[in-house]
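Participant: The following file, start09.cif, comprises mmCIF, C-alpha atoms:
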data_upload
#
loop_
_atom_site.label_atom_id
_atom_site.label_comp_id
_atom_site.auth_asym_id
_atom_site.auth_seq_id
_atom_site.Cartn_x
_atom_site.Cartn_y
_atom_site.Cartn_z
CA MET C 1 119.09 184.49 54.99
CA GLU C 2 117.51 183.15 58.15
CA ASN C 3 120.07 183.37 60.97
CA TRP C 4 118.77 180.72 63.35
CA GLN C 5 120.78 178.88 66.01
CA SER C 6 119.25 176.01 67.94
CA ILE C 7 120.26 172.74 69.57
CA VAL C 8 117.86 170.08 70.89
CA LEU C 9 118.66 167.37 73.44
CA LEU C 10 116.29 164.41 73.33
CA THR C 11 115.51 162.76 76.67
CA LYS C 12 114.45 159.21 77.45
CA GLY C 13 111.74 160.34 79.87
CA LYS C 14 110.61 163.54 81.52
CA PRO C 15 113.38 166.16 81.07
CA GLN C 16 115.33 167.08 84.19
CA LEU C 17 117.46 170.25 84.43
CA ALA C 18 120.20 170.14 87.08
CA ALA C 19 120.84 173.89 87.38
CA ASP C 20 123.78 173.47 89.76
CA ASN C 21 125.63 171.09 87.44
CA ILE C 22 124.91 173.29 84.44
CA THR C 23 126.17 176.43 86.21
CA ARG C 24 129.31 174.66 87.41
CA ARG C 25 130.18 173.39 83.94
CA LEU C 26 129.51 176.75 82.29
CA THR C 27 131.72 178.46 84.84
CA ARG C 28 134.57 176.08 83.98
CA TRP C 29 134.09 176.15 80.19
CA THR C 30 133.24 179.82 79.60
CA GLY C 31 135.03 181.61 82.43
CA CYS C 32 131.79 183.44 83.27
CA THR C 33 130.82 184.01 86.88
CA PHE C 34 127.24 183.77 88.10
CA SER C 35 126.02 185.96 90.95
CA GLY C 36 122.55 184.42 91.17
CA ARG C 37 120.84 187.74 90.42
CA GLN C 38 118.88 188.12 87.18
CA ASP C 39 119.70 191.59 85.89
CA GLU C 40 121.04 193.10 82.67
CA SER C 41 124.67 193.32 83.76
CA GLU C 42 125.09 189.87 85.29
CA ASN C 43 125.36 186.36 83.94
CA PHE C 44 122.61 184.05 85.16
CA VAL C 45 121.07 180.58 84.76
CA VAL C 46 117.34 180.62 85.43
CA LEU C 47 115.67 177.28 84.72
CA SER C 48 112.04 176.90 85.77
CA PRO C 49 110.40 174.40 83.43
CA PRO C 50 108.81 174.59 80.98
CA THR C 51 110.86 177.70 80.14
CA GLY C 52 114.13 179.26 81.23
CA MET C 53 116.78 181.81 80.28
CA ILE C 54 120.57 181.77 80.34
CA LYS C 55 122.79 184.82 79.94
CA LEU C 56 126.52 184.57 79.23
CA ALA C 57 129.33 187.13 78.83
CA GLY C 58 126.92 189.83 79.90
CA GLU C 59 125.18 190.03 76.48
CA PHE C 60 124.37 186.63 74.94
CA MET C 61 120.86 185.44 75.79
CA PHE C 62 119.57 181.90 75.27
CA ALA C 63 116.04 180.53 75.73
CA VAL C 64 115.49 177.05 77.16
CA THR C 65 112.22 175.18 76.62
CA VAL C 66 111.32 171.80 78.11
CA LEU C 67 108.98 169.44 76.23
CA GLU C 68 107.34 166.60 78.16
CA ARG C 69 106.46 164.87 74.88
CA SER C 70 108.30 163.54 71.88
CA TYR C 71 110.06 166.25 69.86
CA PHE C 72 108.83 164.54 66.70
CA ASP C 73 105.18 164.99 67.61
CA SER C 74 105.51 168.35 65.81
CA GLU C 75 108.74 167.91 63.81
CA ASP C 76 109.78 165.61 60.96
CA ALA C 77 111.98 162.72 62.07
CA HIS C 78 112.78 161.51 58.55
CA PRO C 79 116.00 163.53 57.90
CA TYR C 80 117.50 162.36 61.19
CA LEU C 81 116.48 158.72 60.67
CA GLU C 82 118.00 158.93 57.18
CA GLN C 83 121.36 159.90 58.67
CA ALA C 84 121.20 157.01 61.13
CA LYS C 85 120.51 154.60 58.24
CA LEU C 86 123.38 155.97 56.14
CA ALA C 87 125.72 155.55 59.10
CA ASP C 88 124.30 152.05 59.84
CA ASP C 89 123.68 153.24 63.41
CA GLU C 90 120.75 151.16 64.63
CA ARG C 91 121.20 152.40 68.20
CA LEU C 92 120.80 156.04 67.13
CA ALA C 93 117.75 155.16 65.02
CA GLY C 94 116.19 153.38 67.99
CA LEU C 95 116.84 156.34 70.29
CA LEU C 96 115.31 158.76 67.79
CA ARG C 97 112.12 156.69 67.84
CA SER C 98 112.00 156.01 71.59
CA CYS C 99 112.89 159.33 73.27
CA ARG C 100 109.82 160.83 74.95
CA GLY C 101 111.02 164.31 75.94
CA ALA C 102 113.25 167.15 74.74
CA ILE C 103 115.19 170.22 75.88
CA LEU C 104 115.23 173.01 73.28
CA ILE C 105 118.04 175.60 73.49
CA GLY C 106 117.96 178.58 71.15
CA ALA C 107 119.88 181.83 70.76
CA HIS C 108 117.55 184.69 71.69
CA ILE C 109 119.07 187.57 69.69
CA ILE C 110 121.89 186.87 67.23
CA GLU C 111 124.13 189.84 66.52
CA ARG C 112 127.52 188.11 66.69
CA PRO C 113 126.81 184.64 65.27
CA TYR C 114 130.24 183.10 65.87
CA GLU C 115 130.34 183.93 69.58
CA SER C 116 126.65 183.07 69.95
CA LEU C 117 127.03 179.60 68.40
CA HIS C 118 130.17 179.04 70.48
CA TYR C 119 128.28 179.69 73.72
CA LEU C 120 125.21 177.75 72.52
CA ALA C 121 127.34 174.64 72.04
CA LYS C 122 128.78 174.98 75.55
CA ILE C 123 125.29 175.28 77.05
CA ALA C 124 124.20 172.15 75.20
CA ALA C 125 127.29 170.31 76.44
CA ALA C 126 126.60 171.47 80.01
CA MET C 127 123.07 170.00 79.83
CA MET C 128 124.16 166.59 78.48
CA GLU C 129 123.41 163.85 81.01
CA GLU C 130 122.77 160.12 80.94
CA ASP C 131 119.09 160.85 80.26
CA THR C 132 119.92 162.94 77.13
CA PRO C 133 121.21 160.31 74.69
CA VAL C 134 120.74 162.28 71.45
CA MET C 135 121.68 165.78 70.26
CA LEU C 136 119.95 167.40 67.28
CA VAL C 137 120.95 170.60 65.49
CA PRO C 138 117.77 171.53 63.56
CA PRO C 139 119.27 174.27 61.29
CA SER C 140 121.71 171.72 59.86
CA LEU C 141 119.64 168.54 60.46
CA VAL C 142 122.46 167.01 62.51
CA ALA C 143 121.77 163.96 64.70
CA ARG C 144 124.52 162.80 67.08
CA ALA C 145 124.57 160.20 69.83
CA VAL C 146 125.59 161.92 73.06
CA SER C 147 128.85 160.67 74.57
CA GLY C 148 131.54 161.87 76.93
CA GLU C 149 133.75 162.67 73.93
CA LEU C 150 131.06 164.82 72.31
CA ARG C 151 130.37 166.73 75.54
CA SER C 152 134.05 167.33 76.15
CA ALA C 153 134.72 168.44 72.56
CA MET C 154 131.84 170.94 72.57
CA GLY C 155 132.49 172.16 76.09
CA HIS C 156 136.23 172.72 75.59
CA ALA C 157 136.11 174.09 72.01
CA ASP C 158 138.16 177.28 71.81
CA ASP C 159 136.65 178.51 68.54
CA VAL C 160 133.61 177.86 66.43
CA ASP C 161 135.58 176.12 63.65
CA GLU C 162 136.27 173.29 66.15
CA LEU C 163 132.52 172.76 66.39
CA MET C 164 132.01 172.16 62.66
CA PRO C 165 132.19 168.33 62.88
CA HIS C 166 129.46 168.40 65.53
CA VAL C 167 127.00 171.11 64.44
CA MET C 168 127.43 171.36 60.64
CA ASN C 169 126.23 168.78 58.14
CA PHE C 170 126.99 167.45 54.65
CA SER C 171 124.51 166.03 52.16
CA ALA C 172 124.85 164.07 48.93
CA ALA C 173 121.64 163.52 46.98
CA PRO C 174 120.77 162.59 43.38
CA GLU C 175 119.16 165.31 41.29
CA ALA C 176 115.66 164.87 39.94
CA GLN C 177 117.02 165.12 36.39
CA GLY C 178 120.40 164.77 34.73
CA GLY C 179 121.81 161.77 36.62
CA LEU C 180 124.12 163.93 38.76
CA ILE C 181 124.78 163.98 42.49
CA THR C 182 124.48 167.26 44.41
CA CYS C 183 126.93 167.64 47.28
CA SER C 184 126.12 170.44 49.71
CA THR C 185 126.71 171.69 53.23
CA LEU C 186 123.87 172.27 55.69
CA GLY C 187 123.77 174.70 58.59
CA MET C 188 126.14 177.45 57.37
CA HIS C 189 123.30 179.94 57.92
CA MET C 190 123.94 179.67 61.65
CA LEU C 191 127.13 181.66 60.98
CA ALA C 192 125.56 184.03 58.42
CA LEU C 193 127.41 182.18 55.64
CA PRO C 194 126.01 180.58 52.47
CA ASN C 195 125.94 176.83 52.04
CA VAL C 196 128.32 175.41 49.43
CA ILE C 197 126.98 173.27 46.58
CA MET C 198 128.68 171.29 43.81
CA HIS C 199 127.32 168.91 41.19
CA CYS C 200 129.26 165.83 40.12
CA GLY C 201 128.90 162.51 38.35
CA GLN C 202 128.14 159.26 40.09
CA GLU C 203 131.62 157.76 39.79
CA GLN C 204 133.40 157.18 43.09
CA GLU C 205 136.38 159.38 42.25
CA ASP C 206 134.18 162.26 41.08
CA PHE C 207 132.12 162.10 44.22
CA GLU C 208 135.10 162.04 46.60
CA GLN C 209 136.73 165.03 44.89
CA CYS C 210 133.44 166.94 44.93
CA ALA C 211 132.88 166.21 48.64
CA ALA C 212 136.44 167.34 49.43
CA ALA C 213 135.98 170.61 47.53
CA VAL C 214 132.64 171.45 49.16
CA GLN C 215 133.81 170.71 52.69
CA SER C 216 137.13 172.47 52.19
CA LEU C 217 135.56 175.72 50.98
CA ALA C 218 133.03 175.63 53.83
CA THR C 219 135.84 175.18 56.35
CA TYR C 220 137.80 178.00 54.72
CA MET C 221 134.87 180.43 55.00
CA VAL C 222 134.29 179.56 58.66
CA LYS C 223 137.97 180.10 59.54
CA ARG C 224 138.04 183.31 57.49
CA ARG C 225 134.62 184.37 58.87
CA GLN C 226 133.63 185.72 55.49
CA ALA C 227 131.82 184.35 52.46
CA VAL C 228 133.65 183.85 49.16
CA ALA C 229 132.16 186.13 46.51
CA VAL C 230 130.56 184.84 43.32
CA GLY C 231 133.15 185.06 40.50
CA ASP C 232 136.17 184.24 42.66
CA THR C 233 138.21 181.13 41.96
CA THR C 234 139.85 178.72 44.36
CA GLU C 235 142.09 175.69 44.27
CA ILE C 236 141.63 172.83 46.70
CA ALA C 237 144.98 171.83 48.12
CA SER C 238 144.22 168.09 48.09
CA GLY C 239 142.37 166.93 45.02
CA GLY C 240 142.71 166.83 41.27
CA LEU C 241 139.98 169.31 40.29
CA GLY C 242 142.35 172.21 39.70
CA PHE C 243 140.84 175.72 39.82
CA LEU C 244 137.18 176.01 40.72
CA ARG C 245 134.98 179.03 40.13
CA VAL C 246 132.37 180.25 42.62
CA VAL C 247 129.08 180.67 40.75
CA PRO C 248 125.40 181.22 41.64
CA ALA C 249 123.91 177.99 42.95
CA THR C 250 121.03 176.01 41.46
CA MET C 251 119.09 173.15 43.00
CA ASP C 252 117.02 170.94 40.69
CA GLY C 253 117.08 173.72 38.12
CA LYS C 254 116.06 176.49 40.54
CA ALA C 255 118.38 179.45 41.16
CA GLN C 256 119.38 180.10 44.77
CA ASP C 257 120.07 183.42 46.47
CA PRO C 258 123.90 183.84 46.78
CA GLN C 259 123.40 184.74 50.43
CA ASP C 260 121.81 181.33 50.94
CA ALA C 261 124.00 179.15 48.71
CA ILE C 262 126.95 179.35 46.34
CA ALA C 263 128.24 176.69 43.96
CA LEU C 264 131.58 175.46 42.66
CA GLU C 265 132.28 174.47 39.09
CA PRO C 266 135.54 173.48 37.35
CA THR C 267 137.32 176.09 35.25
CA ALA C 268 140.43 176.10 33.07
CA ALA C 269 143.70 176.39 34.93
CA GLY C 270 144.71 179.39 32.83
CA ASP C 271 141.63 181.41 33.63
CA ALA C 272 142.17 185.17 33.61
CA ARG C 273 140.99 185.61 37.20
CA THR C 274 143.59 185.28 39.91
CA ALA C 275 143.04 182.16 41.95
CA ARG C 276 141.97 183.32 45.37
CA PRO C 277 141.48 182.17 47.96
CA ALA C 278 143.43 178.90 47.99
CA THR C 279 142.57 176.63 50.89
CA PRO C 280 145.51 175.71 53.10
CA ALA C 281 147.01 172.25 52.68
CA ALA C 282 146.15 171.34 56.27
CA GLY C 283 142.45 171.91 56.01
CA PRO C 284 140.49 170.19 53.29
CA ALA C 285 138.02 167.31 53.31
CA GLY C 286 136.95 165.72 56.52
CA GLU C 287 136.79 168.85 58.65
CA LEU C 288 133.03 168.60 58.68
CA GLY C 289 133.39 165.48 60.75
CA ASN C 290 134.93 162.99 58.32
CA LEU C 291 131.67 163.11 56.43
CA ALA C 292 133.33 162.02 53.20
CA ARG C 293 134.31 158.77 54.92
CA ALA C 294 130.67 158.05 55.70
CA VAL C 295 129.79 158.07 52.00
CA THR C 296 132.73 156.30 50.36
CA THR C 297 130.83 153.46 48.69
CA SER C 298 130.42 153.66 44.94
CA ARG C 299 127.51 155.88 43.93
CA PRO C 300 126.76 156.32 47.62
CA ARG C 301 123.28 157.76 48.03
CA VAL C 302 122.07 156.65 44.60
CA ALA C 303 122.84 153.01 45.36
CA ARG C 304 121.39 153.26 48.86
CA ILE C 305 118.27 155.05 47.70
CA LYS C 306 117.77 152.43 44.99
CA ALA C 307 118.26 149.62 47.50
CA ARG C 308 115.90 151.32 49.92
CA LYS C 309 113.26 151.67 47.21
CA GLU C 310 113.67 148.01 46.28
CA ARG C 311 113.31 147.02 49.94
CA ALA C 312 110.27 149.25 50.25
CA ALA C 313 108.74 147.74 47.10
CA ALA C 314 109.44 144.22 48.32
CA LYS C 315 108.01 145.07 51.71
CA MET C 316 104.90 146.56 50.11
CA ALA C 317 104.49 143.49 47.88
CA ALA C 318 104.82 141.24 50.92
CA ILE C 319 102.27 143.32 52.79
CA VAL C 320 99.80 143.22 49.87
CA THR C 321 100.32 139.46 49.47
CA GLY C 322 99.82 138.99 53.19
CA ILE C 323 96.62 141.03 53.10
CA VAL C 324 95.26 139.02 50.13
CA VAL C 325 96.12 135.70 51.82
CA ALA C 326 94.60 136.91 55.09
CA LEU C 327 91.40 137.98 53.30
CA TYR C 328 91.16 134.63 51.48
CA VAL C 329 91.77 132.59 54.61
CA GLY C 330 89.40 134.82 56.57
CA SER C 331 86.61 134.48 54.01
CA HIS C 332 87.12 130.69 53.88
CA LEU C 333 86.99 130.45 57.66
CA PHE C 334 83.93 132.70 57.75
CA ARG C 335 82.06 130.53 55.24
CA SER C 336 83.08 127.39 57.12
CA CYS C 337 81.88 128.96 60.34
CA ILE C 338 78.54 129.90 58.74
CA ARG C 339 78.05 126.37 57.38
CA GLN C 340 79.00 124.80 60.68
CA SER C 341 76.68 127.14 62.54
CA SER C 342 73.78 126.26 60.21
CA GLU C 343 74.39 122.54 60.63
CA ASP C 344 74.65 122.94 64.38
CA ARG C 345 71.35 124.83 64.46
CA LYS C 346 69.59 122.08 62.44
CA THR C 347 71.00 119.38 64.69
CA ARG C 348 69.99 121.23 67.85
CA HIS C 349 66.45 121.84 66.43
CA GLN C 350 66.02 118.12 65.61
CA LEU C 351 67.20 117.14 69.08
CA ARG C 352 64.79 119.61 70.69
CA MET C 353 61.85 118.19 68.61
CA GLU C 354 62.69 114.62 69.62
CA GLU C 355 63.00 115.65 73.25
CA THR C 356 59.62 117.42 73.08
CA HIS C 357 57.94 114.31 71.60
CA ARG C 358 59.42 112.12 74.29
CA ASN C 359 58.24 114.49 77.01
CA LEU C 360 54.71 114.65 75.51
CA GLY C 361 54.49 110.85 75.29
CA LYS C 362 55.72 110.53 78.86
CA SER C 363 53.13 113.05 80.09
CA ALA C 364 50.28 111.25 78.24
CA ALA C 365 51.31 107.89 79.71
CA GLU C 366 51.45 109.37 83.21
CA LEU C 367 47.99 110.91 82.71
CA ARG C 368 46.49 107.58 81.55
CA GLU C 369 48.02 105.76 84.50
CA ARG C 370 46.68 108.34 86.95
CA LEU C 371 43.15 108.10 85.45
CA GLN C 372 43.26 104.31 85.59
CA ARG C 373 44.30 104.43 89.22
CA ASP C 374 41.56 106.92 90.00
CA ARG C 375 38.93 104.65 88.37
CA GLN C 376 40.08 101.56 90.27
CA THR C 377 40.56 103.23 93.63
CA PRO C 378 37.22 104.00 95.42
CA ALA C 379 36.90 107.20 97.39
CA PRO C 380 35.03 107.46 100.71
CA PRO C 381 31.29 106.68 100.20
CA GLY C 382 29.20 109.81 99.74
CA SER C 383 32.23 112.00 98.97
CA PRO C 384 32.19 114.23 95.88
CA GLN C 385 35.16 112.30 94.50
CA GLU C 386 33.32 108.95 94.82
CA THR C 387 30.14 110.43 93.29
CA ALA C 388 32.13 111.77 90.33
CA ARG C 389 33.87 108.42 89.96
CA GLN C 390 30.55 106.55 89.82
CA TYR C 391 29.20 108.96 87.21
CA TRP C 392 32.33 108.46 85.13
CA ILE C 393 32.01 104.62 85.35
CA GLU C 394 28.33 104.74 84.30
CA ALA C 395 29.19 106.98 81.38
CA GLN C 396 31.86 104.52 80.26
CA LYS C 397 29.39 101.62 80.43
CA ARG C 398 26.74 103.47 78.39
CA ARG C 399 29.32 104.48 75.76
CA GLN C 400 30.43 100.87 75.43
CA ALA C 401 26.82 99.66 75.20
CA THR C 402 25.94 102.03 72.39
CA ARG C 403 29.18 101.37 70.41
CA PRO C 404 28.42 99.20 67.33
CA ALA C 405 29.93 95.79 67.13
CA PRO C 406 32.96 95.33 64.96
CA GLY C 407 31.94 94.81 61.31
CA ALA C 408 28.35 96.08 61.79
CA ALA C 409 27.04 98.76 59.49
CA HIS C 410 26.71 102.22 60.89
CA PRO C 411 23.13 103.55 60.96
CA ASP C 412 22.34 106.36 58.60
CA PRO C 413 22.54 109.74 60.21
#
For the structure just supplied, provide its representation as structure tokens.
Facilitator:
Amino acid sequence: MENWQSIVLLTKGKPQLAADNITRRLTRWTGCTFSGRQDESENFVVLSPPTGMIKLAGEFMFAVTVLERSYFDSEDAHPYLEQAKLADDERLAGLLRSCRGAILIGAHIIERPYESLHYLAKIAAAMMEEDTPVMLVPPSLVARAVSGELRSAMGHADDVDELMPHVMNFSAAPEAQGGLITCSTLGMHMLALPNVIMHCGQEQEDFEQCAAAVQSLATYMVKRRQAVAVGDTTEIASGGLGFLRVVPATMDGKAQDPQDAIALEPTAAGDARTARPATPAAGPAGELGNLARAVTTSRPRVARIKARKERAAAKMAAIVTGIVVALYVGSHLFRSCIRQSSEDRKTRHQLRMEETHRNLGKSAAELRERLQRDRQTPAPPGSPQETARQYWIEAQKRRQATRPAPGAAHPDP
């Protein structure tokens, strides 16, 4: 069994640690005094980002790590987003996606898990500020929106069983085969206890009784601070399941280590084993944070998972259809653009040819006019220009004299 205790506070921006506020709150909630010296016999709060250490009651050490990036850059956000969807908490889902920093608090050495988790929760409560809107408990996959009520409940808790609604979790998921729902706790390992599992049908009444039994036995073990042994039987005070036997747990057909998980199954009321322990009437379902109330719809997770799959399929179909339509429209526009470009090029080429012809004709006319003016305008007598002009006139006269008359036969060459 992995005994791991950790709480994460997500921050909207760059994490800020107000050491004075944290020390003041811990002094009030734990009764510890802080001398300011960091030695083995004293309590201290040393926070120098990105790392820090806190020591309480002279023996419990906690490591603090500041992340100036999203916690989910290296961790899976899906289990926490799933909880927000099941609770219809859009604000929590939005915060999980938008927070850009995190403060990680973890127990350094865990020898007395109940006291350690108790102090860990108080440290987390002492660090809750307006810029820390979400609390995560990774060992149990808990996601909670931070509020004044949550901070007060965790800071003033007198015993670890009061923390169960805030740091423990409950799951109900359909099995891969068999058409059953598996109800189970999450996070009991933080207290060196096994998680509790029970399989039930998908009817509403079956599910509610199963959830009550699982949560009640988990609460009983936390208050008793001892696991219930495999082979024992128990009776849930509120519920119609009668005696239940503790058996080795299986998940999707795979056997689980009894230190990690135990299971409950119905047994005959006249079973030879003495029914022990029986959970007290005051403590059954709901002590894990009214989790049964959050899943009271008929066939809770099965119906929601089916609806989510249908929405995902519809969304995928819409995306595919959109892509096909976009490709068709794009190809049509591309062909139209190519045709238009070709026609525009032909038109521009024709216009350029016509312009060239006009310019050539204009240049020839200007040249003829200039030559005619030069022939009719005498230059100064004896100048080279006048001499050249006279030669040109004589050449024109000789060419006209030797040109055959119209209609006359050309001489043989």
Participant: Around all listed atoms of stretch 390-393 of chain C, padded 8 Å per side, what centre and edge lengths does the axis-aligned box have in Å to one decimal, as AutoDock Vina command-line options?
Facilitator:
--center_x 30.8 --center_y 106.8 --center_z 87.5 --size_x 19.1 --size_y 20.3 --size_z 20.7
Participant: Choose the residue, out of C:Arg144, C:Arg25, C:Lys122, C:Lys346, that has the smallest atom-to-atom separation from C:Leu81; count all atoms listed in the file.
Facilitator: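 With all atoms listed in the file as the atom set, the closest residue is C:Arg144.
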Participant: Could you list, as a PyMOL selection string, every residue within 10 Å of stretch 52-61 of chain C, counting all atoms listed in the file and ignoring same-chain residues fewer than 3 positions away?
Facilitator: chain C and resi 23+26-27+30-34+38-49+64-66+105-112+115-117+119-120+123
Participant: What does the distance from atom CA of C:Asp257 to atom CA of C:Met198 come to in Å, to one decimal?
Facilitator: 15.1 Å
Participant: Could you check how far atom CA of C:Ala249 sits from atom CA of C:Gln5, in Å to one decimal?
Facilitator: 23.3 Å
Participant: Determine the nearest neighbour of C:Leu86 from the options C:Ile103, C:Ala172, C:Leu9, C:Val167, counting only C-alpha atoms.
Facilitator: C:Ala172
